[in-house]
Amino acid sequence: MVRYITAFVTALALAACQAEEPQVSLASQNINDTRVAKPLFEAVTTATSQPPQAVGGYSRGCQAGGQQLAETGPTWQAMRLSRNRNWSQPITIDFVQDLSRFAATQPGWEGLYVGDLSLPRGGPVSGHASHQSGLDVDIWMLPPDRLNLTVAERESISSISMRRSAGAFTNSSWTPEHEAIMRAAASDPRVSRIFVFPGAKVSMCNNATGDRSWLSKIRPWWGHHYHFHVRLNCPSDAATCVDQTPPPPGDGCAEAQGWVDRILNPPPPDPNAPPPTPRAELTMANLPGQCLAVLNAN
């Protein structure tokens, strides 16, 4: 029964990195442009030469002047290079480098394996609802034991799952170092939210000592057990960037425990519930007007 309910609910949400709340975006000037945006942005392989700028919201936006995270650094490696998703805003590059240096101080961690950031010009991307404005990054749960992976290895090696009982609990692969790295990330003022499976949030709630304010940024969400997803706040000078509503007050631990309780003891399905409505593909008309200029820029 738990498996059935979990699979059903997960099917209602995107499997990876769906926004926690509806996103607001700047008004589009392209109201008659009905072209599906995803293949247009995925076809562009380079960033624009414009000054860096996050445009719109995390789930309806794009990025000008995207910068590429180096494929390999002293304390990180970018994974799945064939996807060409290691592009973001400068603030995100700086954050990844800073967090990777902290991770490298943890026993058993040489740094970080970094998953998807954004496409060179942001915009909609397969497998994600967000990651559109250069301010989202997925960090693998797999502790790096070496940082000299070949390109082929980065395509074949997979991260590891941290969940047990459909996400109600962590499994034996979960370590204090995972919690320390996520606590460091959540304590960073640049960070808006971190998405991770419910059992991980509850584990951090149970183990946290001293200041607990950082826990409010740890947000339970489906699908985030092979990686955790960090979302940054809009840079202070980003006039075209739309922030997400701040997390509600409090540490969120009771709410996370309630989610775990519903995994373990799911309510019966509502026979009168309408079938889920498939998420429509975003068109250029759905994106901020500036995104057309970003798409067409040199």
# chains A, B, ... in the order shown; residues from 1 in each chain; ligands from 1
call {"tool": "residues_around", "arguments": {"residues": "stretch 69-75 of chain A", "least_positions_apart": "5", "cutoff": "12 Å", "atoms": "only C-alpha atoms", "output": "ChimeraX atom specification"}}
result
/A:80-82,84-106,109-120,134,137,143-151,154
call {"tool": "residues_around", "arguments": {"residues": "A:Glu179", "least_positions_apart": "4", "cutoff": "7 Å", "atoms": "only C-alpha atoms", "output": "ChimeraX atom specification"}}
result
/A:175,183,204
call {"tool": "atom_distance", "arguments": {"atom1": "atom CA of A:Ala184", "atom2": "atom CA of A:Ala200"}}
result
15.1 Å
call {"tool": "closest_atom_pairs", "arguments": {"of": "stretch 248-285 of chain A", "to": "stretch 49-64 of chain A", "cutoff": "12 Å", "atoms": "only C-alpha atoms", "output": "JSON lines"}}
result
{"residue": "A:Glu281", "atom": "CA", "partner": "A:Arg60", "partner_atom": "CA", "distance": 11.1}
{"residue": "A:Leu282", "atom": "CA", "partner": "A:Arg60", "partner_atom": "CA", "distance": 8.1}
{"residue": "A:Thr283", "atom": "CA", "partner": "A:Arg60", "partner_atom": "CA", "distance": 9.9}
{"residue": "A:Met284", "atom": "CA", "partner": "A:Arg60", "partner_atom": "CA", "distance": 9.8}
{"residue": "A:Ala285", "atom": "CA", "partner": "A:Arg60", "partner_atom": "CA", "distance": 10.4}
call {"tool": "write_last_selection", "arguments": {"atoms": "all heavy atoms", "output": "mmCIF file, in the first residue's frame"}}
result
data_model
loop_
_atom_site.group_PDB
_atom_site.id
_atom_site.type_symbol
_atom_site.label_atom_id
_atom_site.label_comp_id
_atom_site.auth_asym_id
_atom_site.auth_seq_id
_atom_site.Cartn_x
_atom_site.Cartn_y
_atom_site.Cartn_z
ATOM 1 N N GLU A 281 3.552 21.866 -21.644
ATOM 2 C CA GLU A 281 4.863 22.368 -22.014
ATOM 3 C C GLU A 281 4.834 23.890 -22.050
ATOM 4 O O GLU A 281 3.880 24.500 -22.547
ATOM 5 C CB GLU A 281 5.273 21.831 -23.388
ATOM 6 C CG GLU A 281 5.523 20.337 -23.439
ATOM 7 C CD GLU A 281 6.922 19.992 -22.942
ATOM 8 O OE1 GLU A 281 7.658 20.897 -22.505
ATOM 9 O OE2 GLU A 281 7.278 18.797 -23.011
ATOM 10 N N LEU A 282 5.881 24.514 -21.521
ATOM 11 C CA LEU A 282 5.968 25.968 -21.564
ATOM 12 C C LEU A 282 6.266 26.427 -22.983
ATOM 13 O O LEU A 282 7.122 25.864 -23.673
ATOM 14 C CB LEU A 282 7.064 26.460 -20.622
ATOM 15 C CG LEU A 282 6.832 26.279 -19.128
ATOM 16 C CD1 LEU A 282 8.074 26.726 -18.349
ATOM 17 C CD2 LEU A 282 5.614 27.040 -18.660
ATOM 18 N N THR A 283 5.563 27.458 -23.399
ATOM 19 C CA THR A 283 5.849 28.088 -24.679
ATOM 20 C C THR A 283 6.630 29.379 -24.442
ATOM 21 O O THR A 283 6.757 29.850 -23.306
ATOM 22 C CB THR A 283 4.555 28.410 -25.433
ATOM 23 O OG1 THR A 283 3.843 29.443 -24.728
ATOM 24 C CG2 THR A 283 3.667 27.166 -25.555
ATOM 25 N N MET A 284 7.137 29.957 -25.514
ATOM 26 C CA MET A 284 7.835 31.230 -25.374
ATOM 27 C C MET A 284 6.908 32.287 -24.800
ATOM 28 O O MET A 284 7.351 33.195 -24.088
ATOM 29 C CB MET A 284 8.402 31.671 -26.712
ATOM 30 C CG MET A 284 9.540 30.809 -27.233
ATOM 31 S SD MET A 284 10.944 30.696 -26.086
ATOM 32 C CE MET A 284 11.466 32.431 -25.982
ATOM 33 N N ALA A 285 5.615 32.170 -25.063
ATOM 34 C CA ALA A 285 4.656 33.130 -24.516
ATOM 35 C C ALA A 285 4.530 33.021 -23.007
ATOM 36 O O ALA A 285 4.121 33.985 -22.347
ATOM 37 C CB ALA A 285 3.286 32.930 -25.167
#
call {"tool": "closest_residue", "arguments": {"among": "A:Trp222, A:Phe169, A:Phe197, A:Trp174", "to": "A:Met141", "atoms": "only C-alpha atoms"}}
result
A:Trp174
call {"tool": "select_by_dssp", "arguments": {"residues": "stretch 11-192 of chain A", "states": "helix (DSSP H, G or I)", "output": "PyMOL selection string"}}
result
chain A and resi 11-12+37-42+81-83+90-103+151-156+165-167+176-186
